[in-house]
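Novice: Following this line is model_19.cif, made up of mmCIF, C-alpha atoms and all ligand atoms:
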```cif
data_coords
loop_
_atom_site.label_atom_id
_atom_site.label_comp_id
_atom_site.auth_asym_id
_atom_site.auth_seq_id
_atom_site.Cartn_x
_atom_site.Cartn_y
_atom_site.Cartn_z
CA MET A 192 -14.10 33.44 -40.48
CA SER A 193 -11.29 31.68 -38.67
CA ALA A 194 -9.94 32.72 -35.29
CA GLY A 195 -6.80 34.85 -35.43
CA LEU A 196 -7.73 36.46 -38.74
CA LYS A 197 -7.97 40.26 -38.46
CA ARG A 198 -11.68 40.92 -38.60
CA ASP A 199 -13.32 44.07 -39.89
CA VAL A 200 -16.08 45.29 -37.61
CA LEU A 201 -17.52 47.34 -40.49
CA GLU A 202 -18.78 44.08 -41.97
CA LEU A 203 -21.41 44.13 -39.22
CA VAL A 204 -22.64 47.59 -40.25
CA ARG A 205 -25.62 47.94 -42.61
CA PRO A 206 -24.13 47.80 -46.14
CA ASP A 207 -25.99 50.98 -47.15
CA LEU A 208 -24.37 52.93 -44.29
CA ARG A 209 -20.74 51.89 -44.70
CA GLY A 210 -19.80 54.93 -46.79
CA PHE A 211 -22.39 57.29 -45.28
CA GLY A 212 -20.92 60.64 -44.18
CA GLY A 213 -23.96 62.02 -42.34
CA TYR A 214 -24.87 65.70 -42.12
CA LYS A 215 -22.04 68.18 -42.62
CA SER A 216 -22.78 70.92 -40.12
CA ALA A 217 -21.20 74.37 -39.93
CA ARG A 218 -19.16 73.04 -36.99
CA THR A 219 -17.74 70.08 -38.93
CA GLU A 220 -15.78 72.20 -41.39
CA ASP A 221 -12.13 72.66 -40.47
CA ILE A 222 -11.83 76.41 -41.03
CA SER A 223 -11.03 79.36 -38.78
CA GLY A 224 -11.67 83.10 -38.41
CA ASP A 225 -12.74 85.56 -35.73
CA VAL A 226 -16.10 86.62 -37.16
CA TRP A 227 -18.39 83.61 -37.49
CA LEU A 228 -21.26 84.27 -39.87
CA ASN A 229 -21.63 80.78 -41.29
CA ALA A 230 -24.38 79.15 -39.19
CA ASN A 231 -27.18 81.71 -39.00
CA GLU A 232 -26.73 82.07 -35.24
CA SER A 233 -27.68 85.25 -33.38
CA ALA A 234 -24.93 87.86 -33.10
CA TRP A 235 -26.00 88.53 -29.48
CA ALA A 236 -26.42 86.28 -26.45
CA ASN A 237 -29.87 85.69 -24.98
CA PRO A 238 -30.34 87.94 -21.91
CA ALA A 239 -30.70 84.80 -19.76
CA ASP A 240 -27.42 83.35 -21.04
CA ALA A 241 -25.01 84.95 -18.56
CA SER A 242 -21.93 83.09 -19.79
CA ALA A 243 -22.85 83.68 -23.45
CA SER A 244 -21.95 80.05 -24.11
CA VAL A 245 -25.26 79.03 -25.66
CA ARG A 246 -25.44 81.51 -28.52
CA ARG A 247 -23.52 79.27 -30.90
CA TYR A 248 -24.18 75.70 -31.91
CA PRO A 249 -22.12 73.33 -29.79
CA ASP A 250 -19.12 71.25 -30.73
CA PRO A 251 -20.86 67.98 -31.78
CA GLN A 252 -18.47 66.03 -29.54
CA PRO A 253 -17.27 68.65 -27.02
CA ALA A 254 -13.47 68.42 -26.83
CA ALA A 255 -13.08 68.95 -23.07
CA LEU A 256 -15.78 66.38 -22.30
CA ARG A 257 -14.27 63.84 -24.68
CA THR A 258 -10.91 64.20 -22.95
CA ALA A 259 -12.50 63.90 -19.50
CA LEU A 260 -14.53 60.82 -20.45
CA ALA A 261 -11.62 59.09 -22.20
CA GLY A 262 -9.58 59.68 -19.02
CA LEU A 263 -12.39 58.40 -16.82
CA TYR A 264 -12.87 55.17 -18.73
CA GLY A 265 -9.25 54.68 -19.79
CA CYS A 266 -9.89 54.53 -23.54
CA ALA A 267 -8.69 56.44 -26.59
CA GLU A 268 -10.81 59.43 -27.65
CA SER A 269 -11.21 57.81 -31.07
CA GLU A 270 -12.98 54.85 -29.40
CA LEU A 271 -15.56 57.05 -27.73
CA LEU A 272 -18.88 58.46 -28.91
CA ILE A 273 -20.80 60.76 -26.56
CA GLY A 274 -24.56 60.55 -26.84
CA ARG A 275 -27.73 61.73 -25.13
CA GLY A 276 -27.49 59.10 -22.45
CA SER A 277 -26.63 55.52 -23.20
CA ASP A 278 -30.23 55.27 -24.46
CA GLU A 279 -29.11 57.08 -27.60
CA ALA A 280 -26.08 54.83 -27.97
CA ILE A 281 -28.35 51.76 -27.87
CA ASP A 282 -30.57 53.26 -30.53
CA LEU A 283 -27.64 54.23 -32.77
CA LEU A 284 -26.16 50.73 -32.55
CA VAL A 285 -29.43 49.06 -33.55
CA ARG A 286 -30.04 51.51 -36.38
CA ALA A 287 -26.51 51.30 -37.76
CA LEU A 288 -26.22 47.51 -37.68
CA CYS A 289 -29.69 46.14 -38.37
CA VAL A 290 -31.27 46.20 -41.81
CA ALA A 291 -34.97 46.86 -41.13
CA GLY A 292 -37.19 43.83 -41.64
CA GLN A 293 -34.19 41.51 -41.96
CA ASP A 294 -31.71 41.57 -39.08
CA ALA A 295 -32.13 40.64 -35.42
CA ILE A 296 -30.81 41.49 -31.96
CA VAL A 297 -30.49 39.26 -28.88
CA ALA A 298 -31.62 40.46 -25.45
CA THR A 299 -31.84 38.58 -22.17
CA PRO A 300 -35.15 39.24 -20.38
CA PRO A 301 -35.98 40.23 -17.73
CA VAL A 302 -33.77 43.16 -18.69
CA PHE A 303 -33.70 46.91 -19.36
CA GLY A 304 -36.42 47.65 -21.89
CA MET A 305 -34.65 49.97 -24.32
CA TYR A 306 -32.94 47.20 -26.30
CA ALA A 307 -36.37 45.87 -27.31
CA VAL A 308 -37.77 49.37 -27.91
CA SER A 309 -34.90 50.32 -30.22
CA ALA A 310 -35.26 47.01 -32.06
CA ARG A 311 -38.97 47.64 -32.55
CA LEU A 312 -38.35 51.14 -33.86
CA GLN A 313 -35.85 49.82 -36.39
CA ASP A 314 -38.07 46.85 -37.31
CA ALA A 315 -35.30 44.50 -36.18
CA ARG A 316 -36.35 41.11 -34.86
CA LEU A 317 -35.98 40.60 -31.11
CA ILE A 318 -34.58 37.23 -30.09
CA SER A 319 -35.12 36.67 -26.37
CA VAL A 320 -32.74 34.35 -24.54
CA PRO A 321 -34.09 34.46 -20.96
CA LEU A 322 -31.82 34.90 -17.96
CA ILE A 323 -31.54 31.80 -15.78
CA ASP A 324 -32.59 32.21 -12.15
CA GLY A 325 -29.99 30.30 -10.13
CA ASP A 326 -28.58 30.18 -6.60
CA ALA A 327 -26.25 33.13 -7.25
CA GLY A 328 -29.02 35.17 -8.89
CA PHE A 329 -30.05 35.70 -12.50
CA ALA A 330 -27.34 34.91 -15.05
CA PRO A 331 -27.22 34.96 -18.86
CA ASP A 332 -27.48 31.70 -20.77
CA ILE A 333 -24.21 32.06 -22.70
CA ASP A 334 -24.71 28.81 -24.67
CA GLY A 335 -28.26 29.87 -25.60
CA ILE A 336 -27.06 33.31 -26.72
CA ALA A 337 -24.27 31.84 -28.86
CA ALA A 338 -26.67 29.35 -30.44
CA ALA A 339 -29.23 32.08 -31.17
CA VAL A 340 -26.63 34.27 -32.87
CA LEU A 341 -25.18 31.47 -34.95
CA GLU A 342 -28.52 29.92 -35.95
CA GLN A 343 -30.59 33.06 -36.42
CA ARG A 344 -27.88 35.41 -37.65
CA ALA A 345 -28.39 38.13 -35.04
CA LYS A 346 -26.26 41.24 -35.57
CA LEU A 347 -26.19 42.48 -31.98
CA VAL A 348 -26.17 40.96 -28.51
CA PHE A 349 -27.04 43.19 -25.55
CA LEU A 350 -25.58 42.03 -22.25
CA CYS A 351 -26.42 44.10 -19.21
CA SER A 352 -23.73 43.97 -16.52
CA PRO A 353 -24.59 44.64 -13.74
CA ALA A 354 -28.03 43.78 -15.02
CA ASN A 355 -31.11 45.92 -14.58
CA PRO A 356 -33.40 44.87 -12.88
CA THR A 357 -31.82 41.61 -11.71
CA GLY A 358 -28.64 43.14 -10.28
CA ARG A 359 -25.78 40.76 -11.03
CA ALA A 360 -22.62 41.51 -13.01
CA ILE A 361 -21.45 38.98 -15.58
CA PRO A 362 -18.00 37.47 -14.90
CA LEU A 363 -15.56 38.64 -17.59
CA GLU A 364 -14.64 35.05 -18.49
CA GLN A 365 -18.21 34.51 -19.68
CA ILE A 366 -18.17 37.62 -21.87
CA GLU A 367 -14.80 36.58 -23.25
CA ALA A 368 -16.07 33.06 -23.93
CA LEU A 369 -19.05 34.46 -25.84
CA LEU A 370 -16.89 36.83 -27.90
CA THR A 371 -14.55 33.96 -28.74
CA ARG A 372 -17.39 31.67 -29.80
CA LEU A 373 -19.09 34.28 -31.96
CA GLU A 374 -15.90 34.94 -33.96
CA GLY A 375 -17.05 38.34 -35.07
CA ARG A 376 -20.48 37.30 -36.32
CA ALA A 377 -22.24 39.79 -34.04
CA LEU A 378 -21.39 42.89 -32.06
CA VAL A 379 -21.52 42.17 -28.33
CA VAL A 380 -22.65 45.25 -26.41
CA VAL A 381 -21.98 45.23 -22.67
CA ASP A 382 -24.16 47.82 -20.97
CA GLU A 383 -22.30 48.90 -17.82
CA ALA A 384 -24.67 51.65 -16.68
CA TYR A 385 -24.18 50.41 -13.09
CA GLY A 386 -20.51 49.46 -13.43
CA GLU A 387 -19.33 51.81 -10.68
CA PHE A 388 -21.22 49.76 -8.07
CA SER A 389 -19.67 46.44 -9.09
CA ALA A 390 -16.48 44.67 -8.03
CA VAL A 391 -16.28 42.91 -11.41
CA ASP A 392 -13.79 44.55 -13.80
CA SER A 393 -15.16 46.48 -16.78
CA ALA A 394 -15.43 44.62 -20.09
CA LEU A 395 -13.28 47.48 -21.42
CA THR A 396 -10.33 45.35 -20.31
CA LEU A 397 -11.25 43.02 -23.23
CA ARG A 398 -11.63 45.80 -25.82
CA SER A 399 -8.16 45.65 -27.35
CA ARG A 400 -8.55 41.93 -28.08
CA PHE A 401 -12.09 41.96 -29.49
CA PRO A 402 -13.01 44.52 -32.19
CA GLU A 403 -16.62 43.33 -32.00
CA LEU A 404 -17.04 44.39 -28.37
CA ALA A 405 -18.77 47.68 -27.51
CA VAL A 406 -19.20 48.98 -23.96
CA LEU A 407 -21.84 51.45 -22.77
CA ARG A 408 -21.21 53.76 -19.82
CA THR A 409 -23.24 56.65 -18.44
CA LEU A 410 -23.00 59.63 -16.12
CA SER A 411 -26.67 59.10 -15.13
CA LYS A 412 -26.20 56.75 -12.19
CA ALA A 413 -23.11 56.91 -9.94
CA HIS A 414 -22.19 60.37 -11.26
CA ALA A 415 -25.65 61.75 -10.45
CA LEU A 416 -26.09 63.58 -13.77
CA ALA A 417 -29.17 61.82 -15.19
CA ALA A 418 -30.78 65.04 -16.44
CA ALA A 419 -27.61 66.12 -18.28
CA ARG A 420 -28.12 63.07 -20.56
CA ILE A 421 -24.50 62.09 -21.09
CA GLY A 422 -23.69 58.50 -21.99
CA VAL A 423 -21.04 56.91 -24.14
CA VAL A 424 -20.38 53.96 -26.35
CA ILE A 425 -16.78 52.79 -26.46
CA ALA A 426 -16.03 50.73 -29.54
CA GLU A 427 -13.77 50.28 -32.55
CA PRO A 428 -12.99 53.78 -33.95
CA ARG A 429 -14.35 52.91 -37.42
CA LEU A 430 -17.63 51.83 -35.87
CA VAL A 431 -17.70 54.99 -33.74
CA ALA A 432 -17.35 57.04 -36.95
CA VAL A 433 -20.37 55.26 -38.47
CA LEU A 434 -22.47 55.83 -35.34
CA ARG A 435 -21.50 59.52 -35.33
CA ALA A 436 -22.69 59.83 -38.94
CA CYS A 437 -26.10 58.44 -37.86
CA GLN A 438 -26.40 60.81 -34.90
CA ALA A 439 -28.11 64.22 -34.76
CA PRO A 440 -25.83 67.11 -35.86
CA TYR A 441 -25.41 68.70 -32.39
CA PRO A 442 -26.36 66.06 -29.83
CA ILE A 443 -24.67 67.48 -26.72
CA PRO A 444 -26.03 70.79 -25.37
CA THR A 445 -23.27 73.11 -24.12
CA PRO A 446 -24.71 73.56 -20.57
CA CYS A 447 -24.80 69.75 -20.20
CA ALA A 448 -21.24 69.35 -21.46
CA GLU A 449 -19.97 72.07 -19.12
CA LEU A 450 -21.74 70.56 -16.13
CA ALA A 451 -20.42 67.11 -16.98
CA VAL A 452 -16.82 68.35 -17.26
CA ALA A 453 -17.19 70.06 -13.86
CA GLY A 454 -18.81 66.87 -12.51
CA LEU A 455 -15.70 64.90 -13.48
CA SER A 456 -13.21 67.20 -11.72
CA THR A 457 -10.91 65.55 -9.20
CA ALA A 458 -12.91 66.98 -6.30
CA ALA A 459 -16.26 65.90 -7.77
CA LEU A 460 -14.92 62.40 -8.49
CA ALA A 461 -13.78 62.07 -4.88
CA THR A 462 -17.31 62.90 -3.69
CA THR A 463 -18.81 60.48 -6.21
CA GLN A 464 -16.52 57.75 -4.91
CA GLN A 465 -17.62 58.40 -1.31
CA ARG A 466 -21.25 58.18 -2.37
CA VAL A 467 -20.64 54.92 -4.20
CA ALA A 468 -19.08 53.58 -0.98
CA THR A 469 -22.20 54.68 0.93
CA VAL A 470 -24.43 52.94 -1.62
CA LEU A 471 -22.43 49.72 -1.21
CA SER A 472 -22.67 49.73 2.58
CA GLU A 473 -26.36 50.67 2.49
CA ARG A 474 -26.99 47.95 -0.09
CA ALA A 475 -25.49 45.35 2.27
CA ARG A 476 -27.45 46.72 5.23
CA LEU A 477 -30.75 46.82 3.33
CA GLN A 478 -30.22 43.38 1.86
CA ALA A 479 -29.59 41.85 5.29
CA ALA A 480 -32.55 43.63 6.87
CA LEU A 481 -34.97 42.78 4.05
CA SER A 482 -33.91 39.12 3.98
CA VAL A 483 -35.23 38.51 7.49
CA LEU A 484 -38.47 40.44 7.02
CA PRO A 485 -41.67 38.37 7.13
CA GLY A 486 -43.36 38.47 3.73
CA VAL A 487 -40.07 38.68 1.83
CA ARG A 488 -39.41 35.61 -0.32
CA ARG A 489 -36.01 36.46 -1.69
CA VAL A 490 -33.60 39.36 -1.88
CA TYR A 491 -31.24 38.95 -4.81
CA ALA A 492 -27.57 39.74 -4.39
CA SER A 493 -26.79 42.97 -6.23
CA ASP A 494 -23.76 44.52 -7.94
CA ALA A 495 -25.76 47.68 -8.70
CA ASN A 496 -27.46 50.53 -6.80
CA PHE A 497 -30.74 48.67 -6.34
CA LEU A 498 -32.11 45.44 -4.90
CA LEU A 499 -34.54 43.07 -6.57
CA VAL A 500 -36.90 41.64 -3.96
CA ARG A 501 -39.55 38.91 -4.22
CA PHE A 502 -42.54 39.21 -1.87
CA VAL A 503 -45.25 36.81 -0.76
CA ASP A 504 -47.65 39.67 -1.59
CA ALA A 505 -45.88 42.21 -3.80
CA GLU A 506 -49.05 44.27 -4.30
CA ARG A 507 -49.37 44.73 -0.55
CA ALA A 508 -45.70 45.69 -0.17
CA PHE A 509 -45.92 48.13 -3.09
CA ARG A 510 -49.03 49.77 -1.59
CA ALA A 511 -47.49 49.95 1.89
CA LEU A 512 -44.44 51.69 0.49
CA LEU A 513 -46.59 54.10 -1.53
CA ALA A 514 -48.70 54.89 1.53
CA ALA A 515 -45.45 55.82 3.29
CA GLY A 516 -44.56 58.06 0.34
CA VAL A 517 -41.91 55.70 -1.03
CA VAL A 518 -42.09 54.94 -4.75
CA VAL A 519 -40.29 51.79 -5.94
CA ARG A 520 -40.36 50.03 -9.30
CA ASP A 521 -43.04 47.41 -9.73
CA GLN A 522 -41.50 44.56 -11.77
CA ARG A 523 -44.52 42.25 -11.81
CA ALA A 524 -45.18 42.65 -15.53
CA ALA A 525 -41.66 41.41 -16.38
CA PRO A 526 -41.09 37.75 -17.26
CA GLN A 527 -40.07 35.61 -14.24
CA LEU A 528 -40.67 38.53 -11.86
CA ASP A 529 -44.40 38.38 -11.09
CA ASP A 530 -43.80 38.83 -7.34
CA ALA A 531 -40.90 41.30 -7.47
CA LEU A 532 -40.18 44.95 -6.76
CA ARG A 533 -36.96 46.81 -7.53
CA ILE A 534 -35.83 49.15 -4.79
CA THR A 535 -33.17 51.78 -5.53
CA ILE A 536 -30.68 52.35 -2.71
CA GLY A 537 -31.38 55.80 -1.26
CA THR A 538 -29.81 57.81 1.53
CA PRO A 539 -29.57 56.00 4.90
CA GLU A 540 -32.69 57.92 6.02
CA GLN A 541 -34.65 56.94 2.92
CA ASN A 542 -33.64 53.31 3.30
CA ALA A 543 -34.78 53.42 6.92
CA ARG A 544 -38.19 54.57 5.66
CA VAL A 545 -38.34 51.63 3.26
CA LEU A 546 -37.63 49.22 6.10
CA ALA A 547 -40.06 50.91 8.48
CA ALA A 548 -42.90 50.78 5.94
CA LEU A 549 -42.27 47.13 5.08
CA ASN A 550 -41.88 46.22 8.75
CA ALA A 551 -45.16 47.88 9.64
CA GLN A 552 -47.10 45.99 6.96
CA ALA A 553 -45.40 42.72 7.96
CA VAL A 554 -46.46 43.26 11.58
CA ALA A 555 -50.01 44.17 10.50
CA ALA A 556 -50.32 41.04 8.35
N1 LIG B 1 -28.76 50.94 -19.45
C1 LIG B 1 -29.34 50.51 -18.33
C2 LIG B 1 -29.09 49.11 -17.89
C3 LIG B 1 -30.18 51.34 -17.60
O1 LIG B 1 -30.78 50.88 -16.49
C4 LIG B 1 -30.40 52.66 -18.06
C5 LIG B 1 -31.30 53.64 -17.35
N2 LIG B 1 -32.26 53.17 -16.54
C6 LIG B 1 -29.76 53.06 -19.23
C7 LIG B 1 -28.94 52.18 -19.90
C8 LIG B 1 -29.97 54.40 -19.83
O2 LIG B 1 -29.28 55.35 -19.14
P1 LIG B 1 -28.97 56.79 -19.72
O3 LIG B 1 -29.68 56.93 -21.03
O4 LIG B 1 -29.48 57.74 -18.70
O5 LIG B 1 -27.48 56.83 -19.86
#
```
Would it be possible to restate this file's structure as structure tokens?
Specialist:
Amino acid sequence: MSAGLKRDVLELVRPDLRGFGGYKSARTEDISGDVWLNANESAWANPADASASVRRYPDPQPAALRTALAGLYGCAESELLIGRGSDEAIDLLVRALCVAGQDAIVATPPVFGMYAVSARLQDARLISVPLIDGDAGFAPDIDGIAAAVLEQRAKLVFLCSPANPTGRAIPLEQIEALLTRLEGRALVVVDEAYGEFSAVDSALTLRSRFPELAVLRTLSKAHALAAARIGVVIAEPRLVAVLRACQAPYPIPTPCAELAVAGLSTAALATTQQRVATVLSERARLQAALSVLPGVRRVYASDANFLLVRFVDAERAFRALLAAGVVVRDQRAAPQLDDALRITIGTPEQNARVLAALNAQAVAA
């Protein structure tokens, strides 16, 4: 494939799924009436359903939520698929692109575990191209990723930016360079679950130029709606249509969609923005305070709502935090992180408790 040629992203989809229409539900048919007796729903609302909004099956892609999310991320509605968290989007991408027992994905450990889990479930090979631990923090090995895709014919590359658990965002030039080098041979998925906490622009700014770029966003982190399970994949509309055909018939429960629409109102967004600002200032404060604590080896710079911290004795730090009632994420089983904990930024009071507990154990040591 030569650069400049219009590429068809459907060539990356499993051949057996290219013409697949998926399940045709009662809600997919374009018909109208005022007495709906076509889906075997109850004629009466459940007594607990005060708004009577749950009696009927939901719109598979609720219209008001689609509009709100397209507005939030600045994309066309046709580029957007809403799923049960970005976890579902990851799973759909792997299932739709990888032929079981044949195709591969690239992930960059230490990284969010769902890329590997979805690959395993689909019997897709996992090619690991480890992050490189440098002065500025962990960064992807772009040359290594490109080589792995070209030599081992991977279908999907998962980049996490800002990365979980290592914290750094990937500069857009690097993502662009990778997309340019791959020339459409693989779909590059940029998981921006923590994008709201980063000063680096979203990879969505590259979308119009690269049909083989997909971006994941979620309402689970900055928008504080983790239990509503609303995440999106933003990609080429024809790819979105394939993913939708692979998805469950009614993936988005009405109460979740309604809460999410309310959670994206102008007033709610203003509050979210203030909280993001608080996270950023608390992140800087916690990073500075942890860096000078005895027993702390390294605090990584972060573009997300957590800090990755290396300890002289991570077990001791983990136990001290637990004894103070503070639960953090033990990263010691992850490659390159055998002395590290990941600490989510909490409220100022919660962060003070983290520091007090770690201070106390440092003094006692
Ligand atoms: N991507 C990353 C990098 C994450 O850390 C998480 C959650 N921990 C997710 C995706 C999944 O988020 P959700 O399914 O809640 O949208």
Novice: Could you check the closest approach to ligand LIG 1 (chain B) for each of A:Ser411, A:Ser242, A:Gln552, A:Ser319 and tell me which residue wins, using all atoms listed in the file?
Specialist: A:Ser411
Novice: Compile a residue-level contact table for chain A against ligand LIG 1 (chain B) at a cut-off of 9 Å, reporting for every qualifying residue the shortest atom pair and its distance in Å to one decimal, with all atoms listed in the file counted, rows ordered by chain and ascending number, as a tab-separated table.
Specialist:
```
residue	atom	partner	partner_atom	distance
A:Gly274	CA	B:LIG1	O5	8.4
A:Arg275	CA	B:LIG1	O3	6.6
A:Gly276	CA	B:LIG1	O3	3.4
A:Ser277	CA	B:LIG1	O5	3.7
A:Asp278	CA	B:LIG1	O3	3.9
A:Glu279	CA	B:LIG1	O3	6.6
A:Ala280	CA	B:LIG1	O3	8.1
A:Ile281	CA	B:LIG1	C7	8.0
A:Val302	CA	B:LIG1	C2	7.6
A:Phe303	CA	B:LIG1	C2	5.3
A:Gly304	CA	B:LIG1	C3	8.4
A:Met305	CA	B:LIG1	C7	7.6
A:Tyr306	CA	B:LIG1	N1	8.9
A:Cys351	CA	B:LIG1	C2	5.8
A:Ser352	CA	B:LIG1	C2	7.6
A:Pro353	CA	B:LIG1	C2	7.6
A:Ala354	CA	B:LIG1	C2	6.1
A:Asn355	CA	B:LIG1	C2	5.0
A:Pro356	CA	B:LIG1	O1	7.5
A:Asp382	CA	B:LIG1	N1	5.8
A:Glu383	CA	B:LIG1	C2	6.8
A:Ala384	CA	B:LIG1	N1	5.0
A:Tyr385	CA	B:LIG1	C2	7.0
A:Leu407	CA	B:LIG1	N1	7.7
A:Arg408	CA	B:LIG1	O5	7.0
A:Thr409	CA	B:LIG1	O5	4.5
A:Leu410	CA	B:LIG1	O5	6.5
A:Ser411	CA	B:LIG1	O4	4.7
A:Lys412	CA	B:LIG1	O4	7.4
A:Leu416	CA	B:LIG1	O4	8.4
A:Ala417	CA	B:LIG1	O4	5.4
A:Ala418	CA	B:LIG1	O4	7.8
A:Ala419	CA	B:LIG1	O4	8.6
A:Arg420	CA	B:LIG1	O4	5.8
A:Ile421	CA	B:LIG1	O5	6.2
A:Gly422	CA	B:LIG1	O5	4.7
A:Val423	CA	B:LIG1	O5	7.7
```
Novice: Hey, which of A:Pro526, A:Pro249, A:Pro362, A:Gly335 ends up closest to Val320 (chain A)? Count all atoms listed in the file.
Specialist: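 Under the stated criterion, the closest residue is A:Gly335.
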Novice: Mind pulling up the distance from CA of Ser389 (chain A) to CA of Ala339 (chain A)?
Specialist: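 Interatomic distance here is 28.0 Å.
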Novice: What does the distance from CA of Val431 (chain A) to CA of Ala459 (chain A) come to in Å, to one decimal?
Specialist: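 Computing the Euclidean distance for CA of Val431 (chain A) and CA of Ala459 (chain A) yields 28.2 Å.
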Novice: For the contact check between region 424-493 of chain A and region 367-381 of chain A, emit one row per residue of region 424-493 of chain A within 12 Å, containing the shortest atom pair and the distance in Å rounded to one decimal, counting only C-alpha atoms, chain then rising number order, as a Markdown table.
Specialist:
```
| residue | atom | partner | partner_atom | distance |
| --- | --- | --- | --- | --- |
| A:Val424 | CA | A:Val380 | CA | 9.0 |
| A:Ile425 | CA | A:Val380 | CA | 9.6 |
| A:Ala426 | CA | A:Val380 | CA | 9.1 |
| A:Glu427 | CA | A:Leu378 | CA | 10.6 |
| A:Leu430 | CA | A:Leu378 | CA | 10.4 |
```
Novice: Excluding same-chain residues fewer than 2 positions from Ala217 (chain A), what lies within 8 Å of it counting all atoms listed in the file, as a ChimeraX atom specification?
Specialist: /A:215,219-220,229-230
Novice: Emit the selected residues as an mmCIF file, keeping the file's coordinate frame, including C-alpha atoms.
Specialist:
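In the end it all went to again26.cif:
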```cif
data_model
loop_
_atom_site.group_PDB
_atom_site.id
_atom_site.type_symbol
_atom_site.label_atom_id
_atom_site.label_comp_id
_atom_site.auth_asym_id
_atom_site.auth_seq_id
_atom_site.Cartn_x
_atom_site.Cartn_y
_atom_site.Cartn_z
ATOM 1 C CA LYS A 215 -22.040 68.180 -42.620
ATOM 2 C CA THR A 219 -17.740 70.080 -38.930
ATOM 3 C CA GLU A 220 -15.780 72.200 -41.390
ATOM 4 C CA ASN A 229 -21.630 80.780 -41.290
ATOM 5 C CA ALA A 230 -24.380 79.150 -39.190
#
```
Novice: What is the CA of Asp334 (chain A) to CA of Ile296 (chain A) distance in Å?
Specialist: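 It comes out at 15.8 Å.
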Novice: Given the choices A:Val545, A:Leu512, A:Ala295, A:Ala236, which gets closest to Lys346 (chain A) if the distance is worked out from only C-alpha atoms?
Specialist: A:Ala295
Novice: Considering only C-alpha atoms, can you say which of A:Tyr248, A:Val297, A:Gly516, A:Ser456 comes closest to Leu341 (chain A)?
Specialist: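 Of A:Tyr248, A:Val297, A:Gly516, A:Ser456, the one nearest Leu341 (chain A), counting only C-alpha atoms, is A:Val297.
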Novice: Give me, as an NGL selection string, all polymer residues having an atom no more than 12 Å from Val470 (chain A), counting only C-alpha atoms and skipping those fewer than 6 positions away in the same chain.
Specialist: :A and (385 or 387-389 or 412-413 or 463-464 or 476-478 or 493-498 or 535-539 or 541-542)
Novice: Atoms to include: C-alpha atoms. Write the selected residues as an mmCIF file, in the frame of the given file.
Specialist:
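Contents of selection.cif, as written:
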```
data_model
loop_
_atom_site.group_PDB
_atom_site.id
_atom_site.type_symbol
_atom_site.label_atom_id
_atom_site.label_comp_id
_atom_site.auth_asym_id
_atom_site.auth_seq_id
_atom_site.Cartn_x
_atom_site.Cartn_y
_atom_site.Cartn_z
ATOM 1 C CA TYR A 385 -24.180 50.410 -13.090
ATOM 2 C CA GLU A 387 -19.330 51.810 -10.680
ATOM 3 C CA PHE A 388 -21.220 49.760 -8.070
ATOM 4 C CA SER A 389 -19.670 46.440 -9.090
ATOM 5 C CA LYS A 412 -26.200 56.750 -12.190
ATOM 6 C CA ALA A 413 -23.110 56.910 -9.940
ATOM 7 C CA THR A 463 -18.810 60.480 -6.210
ATOM 8 C CA GLN A 464 -16.520 57.750 -4.910
ATOM 9 C CA ARG A 476 -27.450 46.720 5.230
ATOM 10 C CA LEU A 477 -30.750 46.820 3.330
ATOM 11 C CA GLN A 478 -30.220 43.380 1.860
ATOM 12 C CA SER A 493 -26.790 42.970 -6.230
ATOM 13 C CA ASP A 494 -23.760 44.520 -7.940
ATOM 14 C CA ALA A 495 -25.760 47.680 -8.700
ATOM 15 C CA ASN A 496 -27.460 50.530 -6.800
ATOM 16 C CA PHE A 497 -30.740 48.670 -6.340
ATOM 17 C CA LEU A 498 -32.110 45.440 -4.900
ATOM 18 C CA THR A 535 -33.170 51.780 -5.530
ATOM 19 C CA ILE A 536 -30.680 52.350 -2.710
ATOM 20 C CA GLY A 537 -31.380 55.800 -1.260
ATOM 21 C CA THR A 538 -29.810 57.810 1.530
ATOM 22 C CA PRO A 539 -29.570 56.000 4.900
ATOM 23 C CA GLN A 541 -34.650 56.940 2.920
ATOM 24 C CA ASN A 542 -33.640 53.310 3.300
#
```
Novice: With a distance cut-off of 8 Å and only C-alpha atoms, select the neighbouring residues of Ser393 (chain A), excluding the residue or stretch itself and same-chain residues fewer than 2 positions from it, and output the selection as a ChimeraX atom specification.
Specialist: /A:363,383,386,391,395-396
Novice: Would you put the residues from that selection into a file with C-alpha atoms, as a short mmCIF file (atom, residue, chain, number, x, y, z; two decimals), keeping the file's coordinate frame?
Specialist:
```cif
data_model
loop_
_atom_site.label_atom_id
_atom_site.label_comp_id
_atom_site.auth_asym_id
_atom_site.auth_seq_id
_atom_site.Cartn_x
_atom_site.Cartn_y
_atom_site.Cartn_z
CA LEU A 363 -15.56 38.64 -17.59
CA GLU A 383 -22.30 48.90 -17.82
CA GLY A 386 -20.51 49.46 -13.43
CA VAL A 391 -16.28 42.91 -11.41
CA LEU A 395 -13.28 47.48 -21.42
CA THR A 396 -10.33 45.35 -20.31
#
```
Novice: Fewer than 5 positions away in the same chain doesn't count, so skip those; otherwise give me all residues within 10 Å of Val554 (chain A), counting all atoms listed in the file, as a list in words.
Specialist: Leu484, Pro485, Gly486 and Leu549 of chain A
Novice: Compare A:Ser244, A:Ser309, A:Ser472, A:Ser482 by their minimum atom-to-atom distance to Leu284 (chain A), counting only C-alpha atoms, and give me the closest one.
Specialist: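 That would be A:Ser309, the residue with the smallest distance to Leu284 (chain A).
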Novice: Which neighbours of Asp332 (chain A) fall inside 12 Å, counting all atoms listed in the file, when residues of the same chain fewer than 4 positions from it are skipped, and could you give them as a list in words?
Specialist: Val297, Ala298, Thr299, Pro300, Ser319, Val320, Pro321, Leu322, Ile323, Asp324, Gly325, Ile336, Ala337, Ala338, Ala339, Leu350, Ile361, Gln365, Ile366, Ala368 and Leu369 of chain A
